[in-house]
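Written out below as structure tokens is the structure these notes cover.
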Amino acid sequence: MQHDASQDSVLIVDFGSQVTQLIARRVREAGVYCEIHPFISAPQALETLKPKAIILSGGPASVIEDGSPQADARLFDAGVPVLGICYGQQALCVSLGGAVEPGHVREFGRAEVRVESESPLFEGVWALDHSYQVWMSHGDSVSKLPPGFSVIATSPGAPYAVIANEERRIFGVQFHPEVVHTPDGAKLISNFVHKIAGCHSDWTMAAYREQAVERIREQVGGEKVICALSGGVDSSVAAVLIHEAIGDQLTCIFVDHGLMRKNEADEVISMFRNQYNIPLVHVDAIDTFVGELEGVEDPETKRKIIGRLFIETFEAEAEKIGGVKFLAQGTLYPDVIESVSFTGGPSVTIKSHHNVGGLPDRMNMALVEPLRELFKDEVRTLGRELGLPEHFVGRHPFPGPGLAIRLPGGVTREKLEVLRQADAIYLDEIRKAGLYDTIWQAFAVLLPVQTVGVMGDGRTYENVCALRAVTSVDGMTADFYPFDMNFLGRAATRIINEVKGINRVVYDVTSKPPGTIEWE
């Protein structure tokens with residue numbers, strides 16, 4: 001990953017927590033650049049990144065078990081501030097001469113911490129002798145502090161809830177400040193990176209745009225680049241950014257597979273050809289994709305078919321253009337993080353909207369990935385910086401295999417059209433209610449269930465449609481949106497009346513805990 005050395009940065013050492021990415025988001029929200037690296041490669045990252053601060057993440061292991069991840073001593077000898085979170089706190093204690101033991105009282109969920117001592121970590125956020133809500137998730141607990149450390153906050157289940165060695169600027173918190181369930185957590189992280197580490201808020205999209213343009217020009221030179229344009233926000237922002245850098249050296253290839261939402265393919269073609277005048281190859285591959293998917297029920301098989309066909313189609317078009325040395329993709333930072341396993345093994349994947357397996361060696365192209373340092377919300381900000389229309393930049397996320405996985409059971413042309421119509425009506429009602437920007441993601445699912453219904457004086461035997469809408473700040477966890485019954489009644493009535501093939505509508509009220517996948 002390339003980074004402007006003139007900008008302050010923070011190294012986040014990953015011990016396997018499912019919410020490590022949230023730490024990075026909080027640091028970025030504070031205007032400071034950061035990178036996540038697995039614990040085993042942290043010393044190397046320390047040398048290359050030269051951070052002004054280090055944050056140790058949580059993790060699922062027990063630090064007192066043999067073979068558990070440990071914090072490398074070089075992290076504490078670097079002379080920069082360190083903040084250990086949950087497992088990270090325990091790891092730093094063990095590394096610096098303290099002790100951890102199985103907790104007598106486990107804490108999972110909301111807890112109260114009481115501030116016992118003033119600290120720059122709490123400045124302007126928490127007051128002495130007051131208690132505040134946090135989110136705990138631990139079984140083990142620190143039982144002995146390392147030399148030079150003191151307790152600055154406690155909780156009923158964790159007498160060492162927050163510890164500090166003020167002289168060495170090393171801090172540890174047993175709770176998770178990165179999650180929204182710790183209301184003041186983002187402010188505590190901001191205090192750490194600004195007041196303790198002295199980082200400047202120099203991470204901006206305007207600066208990133210300028211740097212990215214220069215990096216693209218330096219990497220590509222005068223060679224041709226093709227972009228796998230999916231029509232989603234990520235690949236579209238990447239395409240516009242690359243076009244700003246190299247102009248008509250870029251050609252976008254849009255493979256229309258027939259699995260997009262209503263009118264989306266036409267919108268993508270119109271925007272890129274008419275508004276941005278970017279060279280675009282439109283490949284109508286609907287018959288090929290839908291033909292091979294027809295009747296396929298297993299979602300993973302659907303993914304593999306879509307991935308294989310996409311690569312075959314894309315490769316054929318690239319050969320027609322000829323002389324292409326670079327392939328551009330809308331790879332995001334979460335994709336980079338997830339492509340590195342907990343043990344640090346790299347996995348190179350092609351990040352198109354199809355989630356295809358891997359880039360074949362025979363394509364013999366180098367990757368251009370100008371968004372690989374960004375999270376989704378940062379990509380949207382960059383899109384606005386580049387002038388993409390708000391209705392496009394703010395669009396709800398769309399899954400890689402498109403409508404194919406919102407059709408549990410077999411895929412048919414008829415079912416795709418029924419689902420497309422129902423989904424469009426649902427989103428139209430959400431927009432009319434002024435809720436589209438409040439909801440993180442909303443979509444319809446055509447269930448493989450048929451029921452008997454009565455419409456007018458006749459009986460029907462048609463499909464059940466499920467509606468889903470969730471709120472989220474990060475996409476990692478989500479909760480259902482609490483529509484009122486009047487809204488649901490309007491949406492359901494329109495779908496049943498206007499879409500032939502659906503006679504019943506249900507609303508999904510399940511939540512999404514970390515690490516789960518919805519409707520895939």
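Chain labels run A, B, ... following the order of the structure tokens; each chain numbers its residues from 1, and ligands are numbered from 1 in the order shown.
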Original post:
Tell me, which residues of region 168-284 of chain A carry DSSP strand (DSSP E or B), written as a list in words?
Top reply: Ile170, Phe171, Gly172, Val173, Lys224, Val225, Ile226, Cys227, Ala228, Leu229, Leu250, Thr251, Cys252, Ile253, Phe254, Val255, Asp256, Leu280, Val281, His282, Val283 and Asp284 of chain A
Please tabulate, as a tab-separated table, the residues of region 95-138 of chain A that come within 10 Å of region 72-91 of chain A, each with its closest pair of atoms and the distance in Å to one decimal, counting only C-alpha atoms and ordering rows by chain, then residue number upward.
```
residue	atom	partner	partner_atom	distance
A:Ser95	CA	A:Ala91	CA	6.1
A:Leu96	CA	A:Ala73	CA	8.0
A:Gly98	CA	A:Gln90	CA	8.6
A:Ala99	CA	A:Gln90	CA	8.0
A:Val100	CA	A:Gln90	CA	6.5
A:Glu101	CA	A:Gln90	CA	9.5
A:Leu121	CA	A:Leu83	CA	10.0
A:Met136	CA	A:Cys86	CA	8.1
A:Ser137	CA	A:Cys86	CA	7.5
A:His138	CA	A:Cys86	CA	7.1
```
If we count only C-alpha atoms and set the cut-off at 12 Å, which residues sit around region 110-120 of chain A, ignoring sequence neighbours fewer than 6 positions away in its own chain? Please answer as a PDB file with C-alpha atoms, in the first residue's frame.
```pdb
ATOM      1  CA  TRP A 126     -14.912  11.895  30.807  1.00  0.00           C
ATOM      2  CA  ALA A 127     -14.769  13.640  34.188  1.00  0.00           C
ATOM      3  CA  LEU A 128     -13.085  12.431  37.364  1.00  0.00           C
ATOM      4  CA  ASP A 129     -15.265  10.382  39.745  1.00  0.00           C
ATOM      5  CA  HIS A 130     -18.030   9.892  37.146  1.00  0.00           C
ATOM      6  CA  SER A 131     -19.233   6.675  35.490  1.00  0.00           C
ATOM      7  CA  TYR A 132     -19.819   6.094  31.779  1.00  0.00           C
ATOM      8  CA  GLN A 133     -21.277   3.397  29.548  1.00  0.00           C
ATOM      9  CA  VAL A 134     -18.924   1.186  27.546  1.00  0.00           C
ATOM     10  CA  TRP A 135     -19.114  -2.097  25.661  1.00  0.00           C
ATOM     11  CA  MET A 136     -17.210  -5.013  27.185  1.00  0.00           C
ATOM     12  CA  SER A 137     -16.411  -8.371  25.601  1.00  0.00           C
ATOM     13  CA  HIS A 138     -13.913 -10.360  27.656  1.00  0.00           C
ATOM     14  CA  SER A 150      -1.449   2.700  37.100  1.00  0.00           C
ATOM     15  CA  VAL A 151      -5.219   2.285  37.056  1.00  0.00           C
ATOM     16  CA  ILE A 152      -7.134   5.269  35.689  1.00  0.00           C
ATOM     17  CA  ALA A 153     -10.621   3.719  35.399  1.00  0.00           C
ATOM     18  CA  THR A 154     -12.411   0.648  36.781  1.00  0.00           C
ATOM     19  CA  SER A 155     -15.555  -1.395  36.191  1.00  0.00           C
ATOM     20  CA  PRO A 156     -17.341  -3.947  38.414  1.00  0.00           C
ATOM     21  CA  GLY A 157     -15.905  -6.825  36.403  1.00  0.00           C
ATOM     22  CA  ALA A 158     -12.568  -5.269  35.468  1.00  0.00           C
ATOM     23  CA  PRO A 159     -10.602  -3.464  38.196  1.00  0.00           C
ATOM     24  CA  TYR A 160      -8.071  -2.558  35.491  1.00  0.00           C
ATOM     25  CA  ALA A 161     -10.632  -1.289  32.956  1.00  0.00           C
ATOM     26  CA  VAL A 162      -8.287   1.494  31.817  1.00  0.00           C
ATOM     27  CA  ILE A 163      -4.573   1.555  32.607  1.00  0.00           C
ATOM     28  CA  ALA A 164      -1.749   3.903  31.677  1.00  0.00           C
ATOM     29  CA  ASN A 165       1.957   4.432  31.765  1.00  0.00           C
ATOM     30  CA  GLU A 166       1.854   8.173  31.230  1.00  0.00           C
ATOM     31  CA  GLU A 167       5.641   8.506  30.957  1.00  0.00           C
ATOM     32  CA  ARG A 169       2.475   7.055  26.684  1.00  0.00           C
ATOM     33  CA  ILE A 170       1.166   3.488  26.720  1.00  0.00           C
ATOM     34  CA  PHE A 171      -2.525   2.966  27.488  1.00  0.00           C
ATOM     35  CA  VAL A 173      -8.631  -0.251  27.784  1.00  0.00           C
ATOM     36  CA  GLN A 174     -10.515  -3.460  28.519  1.00  0.00           C
ATOM     37  CA  PHE A 175     -13.631  -2.273  26.664  1.00  0.00           C
ATOM     38  CA  HIS A 176     -14.198  -1.542  22.956  1.00  0.00           C
ATOM     39  CA  PRO A 177     -14.185   2.203  22.226  1.00  0.00           C
ATOM     40  CA  VAL A 179     -18.151   0.271  18.610  1.00  0.00           C
ATOM     41  CA  VAL A 180     -21.212   2.523  18.708  1.00  0.00           C
ATOM     42  CA  HIS A 181     -22.307   0.896  21.988  1.00  0.00           C
ATOM     43  CA  THR A 182     -19.520   2.868  23.688  1.00  0.00           C
ATOM     44  CA  PRO A 183     -21.084   6.321  23.183  1.00  0.00           C
ATOM     45  CA  ASP A 184     -17.907   8.321  23.822  1.00  0.00           C
ATOM     46  CA  LYS A 187     -13.854  10.801  21.197  1.00  0.00           C
ATOM     47  CA  LEU A 188     -11.473   8.690  23.295  1.00  0.00           C
ATOM     48  CA  ILE A 189      -9.772   7.413  20.146  1.00  0.00           C
ATOM     49  CA  SER A 190      -9.588  10.984  18.842  1.00  0.00           C
ATOM     50  CA  ASN A 191      -7.937  12.062  22.097  1.00  0.00           C
ATOM     51  CA  PHE A 192      -5.390   9.277  21.716  1.00  0.00           C
ATOM     52  CA  VAL A 193      -4.386  10.143  18.151  1.00  0.00           C
ATOM     53  CA  HIS A 194      -4.535  13.938  18.574  1.00  0.00           C
ATOM     54  CA  LYS A 195      -3.771  14.886  22.195  1.00  0.00           C
ATOM     55  CA  ILE A 196      -1.473  11.981  23.083  1.00  0.00           C
ATOM     56  CA  ALA A 197       0.165  11.109  19.747  1.00  0.00           C
ATOM     57  CA  GLY A 198       0.044  14.636  18.293  1.00  0.00           C
TER      58      GLY A 198
END
```
Margin query: So that I can see what lies close to region 206-216 of chain A, please list as a list in words the residues with an atom at most 8 Å from it, counting only C-alpha atoms and leaving out residues fewer than 6 positions away in the same chain.
Written below: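 Neighbouring residues, sequence-local ones excluded: Asp4, Leu241, Ile242, Glu244, Ala245, Ile246, Val368, Pro370, Leu382 and Glu385 of chain A.
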Store the residues picked out above, limited to N, CA and C atoms, as an mmCIF file, in the first residue's frame.
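Writing the result to selection-v6.cif gives the following:
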```
data_model
loop_
_atom_site.group_PDB
_atom_site.id
_atom_site.type_symbol
_atom_site.label_atom_id
_atom_site.label_comp_id
_atom_site.auth_asym_id
_atom_site.auth_seq_id
_atom_site.Cartn_x
_atom_site.Cartn_y
_atom_site.Cartn_z
ATOM 1 N N ASP A 4 1.495 8.675 1.515
ATOM 2 C CA ASP A 4 2.281 9.897 1.503
ATOM 3 C C ASP A 4 2.995 10.030 2.846
ATOM 4 N N LEU A 241 -11.935 8.507 -11.448
ATOM 5 C CA LEU A 241 -10.639 8.962 -10.941
ATOM 6 C C LEU A 241 -9.517 8.638 -11.926
ATOM 7 N N ILE A 242 -9.528 7.421 -12.455
ATOM 8 C CA ILE A 242 -8.478 7.019 -13.398
ATOM 9 C C ILE A 242 -8.583 7.830 -14.688
ATOM 10 N N GLU A 244 -9.629 10.848 -14.944
ATOM 11 C CA GLU A 244 -9.068 12.170 -14.642
ATOM 12 C C GLU A 244 -7.547 12.143 -14.760
ATOM 13 N N ALA A 245 -6.962 11.001 -14.411
ATOM 14 C CA ALA A 245 -5.503 10.895 -14.430
ATOM 15 C C ALA A 245 -4.939 10.661 -15.826
ATOM 16 N N ILE A 246 -5.582 9.797 -16.628
ATOM 17 C CA ILE A 246 -4.960 9.382 -17.899
ATOM 18 C C ILE A 246 -5.869 9.535 -19.109
ATOM 19 N N VAL A 368 -4.485 -1.917 -11.326
ATOM 20 C CA VAL A 368 -4.549 -0.524 -10.883
ATOM 21 C C VAL A 368 -5.728 -0.437 -9.923
ATOM 22 N N PRO A 370 -6.923 2.213 -7.328
ATOM 23 C CA PRO A 370 -6.731 3.513 -6.668
ATOM 24 C C PRO A 370 -7.556 3.721 -5.401
ATOM 25 N N LEU A 382 -15.183 10.578 -1.871
ATOM 26 C CA LEU A 382 -14.340 10.815 -3.045
ATOM 27 C C LEU A 382 -15.206 10.984 -4.287
ATOM 28 N N GLU A 385 -16.403 14.360 -4.309
ATOM 29 C CA GLU A 385 -15.272 15.232 -4.645
ATOM 30 C C GLU A 385 -15.042 15.252 -6.156
#
```
inquiry  = With only C-alpha atoms as the counted atoms, please give the residues lying no more than 6 Å from Trp203 (chain A), apart from itself and same-chain residues fewer than 2 positions off, as JSON, numbers by chain.
reply    = {"A": [31, 32, 33, 201]}
Tell me, in Å to one decimal, how far CA of Gly434 (chain A) is from CA of Gly489 (chain A).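 The value is 16.4 Å.
Atom pair CA of Arg273 (chain A) / CA of Cys252 (chain A): separated by 10.2 Å.
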For Leu467 (chain A), work out the shell of residues within 7 Å, counting only C-alpha atoms and skipping chain neighbours fewer than 2 positions away, then give it as a JSON list (two decimals) with N, CA and C atoms, in the first residue's frame.
```
[["chain", "number", "residue", "atom", "x", "y", "z"],
["A", 443, "PHE", "N", -33.99, -3.97, 0.11],
["A", 443, "PHE", "CA", -34.16, -4.77, -1.10],
["A", 443, "PHE", "C", -35.29, -5.77, -0.92],
["A", 444, "ALA", "N", -35.74, -6.30, -2.03],
["A", 444, "ALA", "CA", -36.77, -7.34, -2.03],
["A", 444, "ALA", "C", -36.12, -8.68, -2.35],
["A", 445, "VAL", "N", -36.72, -9.74, -1.83],
["A", 445, "VAL", "CA", -36.27, -11.11, -2.08],
["A", 445, "VAL", "C", -37.48, -11.92, -2.52],
["A", 465, "CYS", "N", -43.05, -12.61, -1.46],
["A", 465, "CYS", "CA", -41.95, -11.65, -1.56],
["A", 465, "CYS", "C", -41.58, -11.18, -0.16],
["A", 469, "ALA", "N", -34.93, -4.22, 5.10],
["A", 469, "ALA", "CA", -34.35, -2.89, 5.21],
["A", 469, "ALA", "C", -33.57, -2.83, 6.51],
["A", 506, "VAL", "N", -43.99, -10.26, 3.01],
["A", 506, "VAL", "CA", -43.61, -10.33, 4.41],
["A", 506, "VAL", "C", -42.43, -9.39, 4.63],
["A", 507, "TYR", "N", -42.26, -8.94, 5.89],
["A", 507, "TYR", "CA", -41.13, -8.07, 6.22],
["A", 507, "TYR", "C", -40.18, -8.77, 7.16],
["A", 508, "ASP", "N", -38.90, -8.75, 6.82],
["A", 508, "ASP", "CA", -37.86, -9.44, 7.59],
["A", 508, "ASP", "C", -37.36, -8.53, 8.71]]
```
- Message: I need the residue nearest Val336 (chain A) from this list: A:Gly172, A:Gly295, A:Pro38, A:Pro448. Use only C-alpha atoms for the distance.
- Response: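 With only C-alpha atoms as the atom set, the closest residue is A:Pro38.
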For a test of reading the model, state the distance in Å between CA of Ala318 (chain A) and CA of Glu294 (chain A), rounded to one decimal.
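CA of Glu294 (chain A) lies at a distance of 27.0 Å from CA of Ala318 (chain A).
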- Using only C-alpha atoms, which of the listed residues (A:Ala491, A:Ile337, A:Ala71, A:Ala466) sits closest to Phe15 (chain A)?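 Ranked by minimum distance to Phe15 (chain A), first place goes to A:Ala71.
You can rank A:Gly247, A:Gly58, A:Gly67, A:Gly258 by their closest distance to Lys224 (chain A) using only C-alpha atoms, and at the top of that list sits A:Gly247.
Of the listed residues A:Asp234, A:Asp8, A:Glu319, A:Glu35, the one whose atoms come nearest to Glu378 (chain A) is A:Asp234, with distances taken using only C-alpha atoms.
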Pick out the residues sitting within 8 Å of region 401-415 of chain A, and hand them over as a PyMOL selection string; count only C-alpha atoms, and ignore anything fewer than 5 positions along from it in its own chain. chain A and resi 259-261+290+293-299+302-303+306+353-355+420+444-448+519-520
Check the DSSP output for the backbone and give back, as a CSV table (one decimal) with C-alpha atoms, in the first residue's frame, the residues of region 26-98 of chain A in helix (DSSP H, G or I).
```csv
chain,number,residue,atom,x,y,z
A,26,ARG,CA,-12.7,5.9,13.9
A,27,VAL,CA,-9.1,6.9,13.3
A,28,ARG,CA,-10.0,8.0,9.7
A,29,GLU,CA,-13.0,9.9,11.0
A,39,PHE,CA,0.2,-9.1,14.4
A,40,ILE,CA,2.8,-11.3,12.8
A,41,SER,CA,3.8,-8.7,10.3
A,42,ALA,CA,3.5,-5.7,12.6
A,43,PRO,CA,7.2,-5.1,13.0
A,44,GLN,CA,7.7,-4.9,9.3
A,45,ALA,CA,4.7,-2.5,9.0
A,46,LEU,CA,6.3,-0.4,11.8
A,47,GLU,CA,9.4,0.0,9.6
A,48,THR,CA,7.6,0.9,6.4
A,49,LEU,CA,4.7,3.0,7.8
A,73,ALA,CA,8.3,-6.1,22.0
A,74,ARG,CA,9.5,-3.8,19.2
A,75,LEU,CA,6.1,-2.2,19.1
A,87,TYR,CA,-7.1,-8.4,24.0
A,88,GLY,CA,-4.7,-5.7,23.0
A,89,GLN,CA,-4.6,-4.4,26.5
A,90,GLN,CA,-4.0,-7.9,27.9
A,91,ALA,CA,-1.3,-8.6,25.2
A,92,LEU,CA,0.6,-5.4,26.2
A,93,CYS,CA,0.4,-6.3,29.9
A,94,VAL,CA,1.9,-9.8,29.3
A,95,SER,CA,4.6,-8.4,27.0
```
Legend entry - Nearest to Glu373 (chain A) by atom-to-atom distance, counting only C-alpha atoms, from A:Phe398, A:Phe392, A:Phe254, A:Tyr333: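 Closest candidate: A:Tyr333.
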Using only C-alpha atoms, the shortest atom-to-atom distance to Asp202 (chain A) among A:Pro389, A:Asp437, A:Cys34, A:Val452 belongs to A:Cys34
